[in-house]
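Engineer: So here's data13.json, just JSON, C-alpha atoms:
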```
[["chain", "number", "residue", "atom", "x", "y", "z"],
["A", 1, "MET", "CA", 101.68, 111.61, 77.54],
["A", 2, "PRO", "CA", 99.77, 114.59, 78.90],
["A", 3, "SER", "CA", 97.32, 114.45, 75.98],
["A", 4, "ASN", "CA", 96.36, 110.89, 76.98],
["A", 5, "VAL", "CA", 95.52, 112.17, 80.47],
["A", 6, "ILE", "CA", 93.60, 115.16, 79.18],
["A", 7, "LEU", "CA", 91.61, 112.97, 76.78],
["A", 8, "ALA", "CA", 91.49, 109.89, 79.03],
["A", 9, "GLU", "CA", 87.85, 109.05, 78.37],
["A", 10, "GLU", "CA", 88.38, 109.11, 74.60],
["A", 11, "PHE", "CA", 91.48, 106.93, 74.83],
["A", 12, "ALA", "CA", 89.74, 104.54, 77.25],
["A", 13, "SER", "CA", 87.00, 103.95, 74.65],
["A", 14, "ARG", "CA", 89.68, 102.70, 72.22],
["A", 15, "PHE", "CA", 92.05, 100.81, 74.53],
["A", 16, "ASP", "CA", 91.62, 98.52, 77.53],
["A", 17, "GLY", "CA", 94.29, 100.20, 79.62],
["A", 18, "PHE", "CA", 97.00, 102.79, 80.07],
["A", 19, "SER", "CA", 100.70, 102.46, 80.77],
["A", 20, "ILE", "CA", 102.33, 105.48, 82.34],
["A", 21, "GLY", "CA", 106.05, 105.98, 81.80],
["A", 22, "SER", "CA", 106.79, 108.14, 84.83],
["A", 23, "ASN", "CA", 109.96, 109.61, 83.33],
["A", 24, "ASP", "CA", 108.23, 110.58, 80.08],
["A", 25, "LEU", "CA", 105.16, 111.94, 81.85],
["A", 26, "THR", "CA", 107.35, 114.01, 84.17],
["A", 27, "GLN", "CA", 109.46, 115.36, 81.32],
["A", 28, "LEU", "CA", 106.46, 116.32, 79.20],
["A", 29, "THR", "CA", 104.36, 117.70, 82.06],
["A", 30, "LEU", "CA", 107.12, 119.86, 83.49],
["A", 31, "GLY", "CA", 108.83, 120.70, 80.21],
["A", 32, "VAL", "CA", 112.15, 119.61, 81.70],
["A", 33, "ASP", "CA", 114.68, 117.57, 79.74],
["A", 34, "ARG", "CA", 115.69, 114.79, 82.12],
["A", 35, "ASP", "CA", 119.05, 114.43, 80.38],
["A", 36, "SER", "CA", 120.04, 118.07, 80.87],
["A", 37, "GLU", "CA", 122.58, 118.57, 83.64],
["A", 38, "GLU", "CA", 121.43, 122.17, 83.98],
["A", 39, "LEU", "CA", 117.80, 121.19, 84.57],
["A", 40, "ALA", "CA", 118.25, 117.91, 86.45],
["A", 41, "ALA", "CA", 117.31, 119.48, 89.80],
["A", 42, "LEU", "CA", 113.89, 120.45, 88.38],
["A", 43, "PHE", "CA", 113.04, 116.90, 87.24],
["A", 44, "ASP", "CA", 110.77, 115.52, 89.98],
["A", 45, "GLU", "CA", 108.19, 112.75, 89.58],
["A", 46, "SER", "CA", 106.63, 113.92, 92.87],
["A", 47, "ASP", "CA", 105.90, 117.41, 91.53],
["A", 48, "PRO", "CA", 102.24, 118.28, 92.25],
["A", 49, "ALA", "CA", 101.49, 118.63, 88.52],
["A", 50, "VAL", "CA", 102.82, 115.14, 87.77],
["A", 51, "LEU", "CA", 100.97, 113.60, 90.73],
["A", 52, "TRP", "CA", 97.77, 115.31, 89.58],
["A", 53, "MET", "CA", 98.23, 113.79, 86.11],
["A", 54, "ILE", "CA", 98.67, 110.30, 87.58],
["A", 55, "GLU", "CA", 95.78, 110.58, 90.04],
["A", 56, "SER", "CA", 93.49, 112.09, 87.41],
["A", 57, "LEU", "CA", 94.29, 109.39, 84.87],
["A", 58, "VAL", "CA", 93.77, 106.56, 87.33],
["A", 59, "ALA", "CA", 90.40, 107.91, 88.49],
["A", 60, "ARG", "CA", 89.12, 108.63, 84.97],
["A", 61, "ALA", "CA", 90.43, 105.38, 83.50],
["A", 62, "HIS", "CA", 88.84, 103.34, 86.28],
["A", 63, "LYS", "CA", 85.55, 105.16, 85.77],
["A", 64, "ALA", "CA", 85.73, 104.06, 82.11],
["A", 65, "GLY", "CA", 86.62, 100.47, 83.09],
["A", 66, "ALA", "CA", 90.28, 100.67, 82.04],
["A", 67, "LYS", "CA", 93.33, 99.66, 84.05],
["A", 68, "VAL", "CA", 96.43, 101.78, 84.63],
["A", 69, "GLY", "CA", 100.00, 100.63, 85.12],
["A", 70, "LEU", "CA", 103.17, 102.59, 85.77],
["A", 71, "CYS", "CA", 106.78, 101.89, 84.89],
["A", 72, "GLY", "CA", 109.71, 104.02, 85.85],
["A", 73, "GLN", "CA", 112.43, 104.40, 88.41],
["A", 74, "ALA", "CA", 110.47, 106.53, 90.91],
["A", 75, "PRO", "CA", 108.66, 103.72, 92.78],
["A", 76, "SER", "CA", 111.92, 101.75, 92.88],
["A", 77, "ASN", "CA", 113.83, 104.62, 94.48],
["A", 78, "ASP", "CA", 111.18, 106.33, 96.60],
["A", 79, "PRO", "CA", 108.88, 104.45, 99.01],
["A", 80, "ALA", "CA", 106.72, 107.57, 99.36],
["A", 81, "PHE", "CA", 106.10, 107.61, 95.62],
["A", 82, "ALA", "CA", 105.08, 103.94, 95.67],
["A", 83, "LYS", "CA", 102.67, 104.79, 98.51],
["A", 84, "LEU", "CA", 101.17, 107.65, 96.47],
["A", 85, "LEU", "CA", 100.57, 105.23, 93.59],
["A", 86, "VAL", "CA", 98.79, 102.78, 95.89],
["A", 87, "LYS", "CA", 96.64, 105.56, 97.35],
["A", 88, "ALA", "CA", 95.77, 106.70, 93.81],
["A", 89, "GLY", "CA", 94.55, 103.17, 93.02],
["A", 90, "ILE", "CA", 97.16, 102.20, 90.43],
["A", 91, "ASP", "CA", 96.60, 98.68, 89.07],
["A", 92, "SER", "CA", 100.22, 97.68, 88.51],
["A", 93, "ILE", "CA", 103.76, 98.93, 89.00],
["A", 94, "SER", "CA", 106.68, 97.62, 86.95],
["A", 95, "VAL", "CA", 110.06, 97.89, 88.59],
["A", 96, "THR", "CA", 113.61, 96.77, 87.97],
["A", 97, "PRO", "CA", 114.48, 93.28, 89.23],
["A", 98, "ASP", "CA", 116.98, 94.61, 91.77],
["A", 99, "SER", "CA", 114.29, 96.71, 93.50],
["A", 100, "PHE", "CA", 111.42, 94.21, 93.26],
["A", 101, "VAL", "CA", 111.49, 92.95, 96.86],
["A", 102, "ALA", "CA", 111.88, 96.42, 98.39],
["A", 103, "VAL", "CA", 109.07, 97.91, 96.31],
["A", 104, "LYS", "CA", 106.81, 94.96, 97.08],
["A", 105, "ARG", "CA", 107.38, 95.67, 100.79],
["A", 106, "HIS", "CA", 106.66, 99.40, 100.30],
["A", 107, "VAL", "CA", 103.43, 98.58, 98.45],
["A", 108, "ALA", "CA", 102.35, 96.10, 101.13],
["A", 109, "ALA", "CA", 103.01, 98.71, 103.83],
["A", 110, "ALA", "CA", 101.03, 101.33, 101.89],
["A", 111, "GLU", "CA", 98.13, 98.93, 101.44],
["A", 112, "THR", "CA", 97.96, 98.08, 105.13],
["A", 113, "SER", "CA", 98.10, 101.74, 106.17],
["A", 114, "GLY", "CA", 95.20, 102.77, 103.95],
["A", 115, "PRO", "CA", 91.96, 101.43, 102.53],
["A", 116, "LYS", "CA", 91.88, 97.68, 102.05],
["A", 117, "VAL", "CA", 92.83, 96.37, 98.60],
["A", 118, "ALA", "CA", 91.54, 93.03, 97.36],
["A", 119, "SER", "CA", 94.06, 90.24, 97.90],
["A", 120, "LYS", "CA", 94.13, 89.43, 94.17],
["A", 121, "LYS", "CA", 95.11, 93.01, 93.43],
["A", 122, "LYS", "CA", 97.87, 92.90, 96.07],
["A", 123, "LYS", "CA", 99.47, 89.95, 94.29],
["A", 124, "GLU", "CA", 99.32, 91.62, 90.87],
["A", 125, "LEU", "CA", 100.32, 95.16, 91.82],
["A", 126, "VAL", "CA", 104.10, 94.91, 91.56],
["A", 127, "SER", "CA", 105.83, 93.11, 88.70],
["A", 128, "GLU", "CA", 109.39, 92.95, 87.51],
["A", 129, "ALA", "CA", 110.13, 94.91, 84.32]]
```
Would you kindly transcribe this structure into structure tokens?
Structural biologist:
Amino acid sequence: MPSNVILAEEFASRFDGFSIGSNDLTQLTLGVDRDSEELAALFDESDPAVLWMIESLVARAHKAGAKVGLCGQAPSNDPAFAKLLVKAGIDSISVTPDSFVAVKRHVAAAETSGPKVASKKKKELVSEA
């Protein structure tokens, strides 16, 4: 929820981690009903406002010692989105079983093309939903 991002430090003092639902965050950040046929073209998890919310939450949560995970269809469908999550420092990504292998490959490619990530984190980053 956008309020959890805005007040991340306060929430981090009460909880040990955050779980981002990418569909919900996108819908609430953009004010676009994802089930509306008329607005479907505007629903985009890669919108700069949504990416800012994710990157901001990850950075602020990590500063407070909290972990951040993400579930949603975007990393399953879009290798570039999975790469953005890795670059942001996301701690875990939950995906559907049918996309698990492909997303794991996308994450591994993103990790090798950027800053090194600890091997333990590599193993934990992608999990089946």
Engineer: Given only C-alpha atoms as the basis, pick out the residue of A:Ala66, A:Ile93, A:Val86, A:Leu51 nearest to Arg14 of chain A.
Structural biologist: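 Checking each of A:Ala66, A:Ile93, A:Val86, A:Leu51 against Arg14 of chain A, counting only C-alpha atoms, the winner is A:Ala66.
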Engineer: Please compute the atom CA of Pro2 of chain A-atom CA of Asp78 of chain A distance, one decimal, in Å.
Structural biologist: 22.6 Å
Engineer: As an exercise, work out the distance from atom CA of Val32 of chain A to atom CA of Val5 of chain A in Å and give it to one decimal place.
Structural biologist: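 A separation of 18.3 Å between them.
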Engineer: Using 3 Å of padding on each side, determine the axis-aligned box around all atoms of segment 84-93 of chain A present in the file and give its centre and edge lengths in Å to one decimal, as AutoDock Vina command-line options.
Structural biologist:
```
--center_x 99.2 --center_y 102.7 --center_z 92.9 --size_x 15.2 --size_y 16.0 --size_z 14.8
```
Engineer: Atom CA of Ala59 of chain A and atom CA of Ala88 of chain A, how far apart in Å?
Structural biologist: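 Separation of atom CA of Ala88 of chain A and atom CA of Ala59 of chain A: 7.7 Å.
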Engineer: Mind checking which residues fall within 10 Å of Ile54 of chain A, counting all atoms listed in the file, ignoring those fewer than 6 positions away in the same chain, and posting them as a list of chain:residue names?
Structural biologist: A:Pro2, A:Val5, A:Ile20, A:Ser22, A:Leu25, A:Pro48, A:Val68, A:Leu70, A:Leu84, A:Leu85, A:Ala88, A:Gly89, A:Ile90
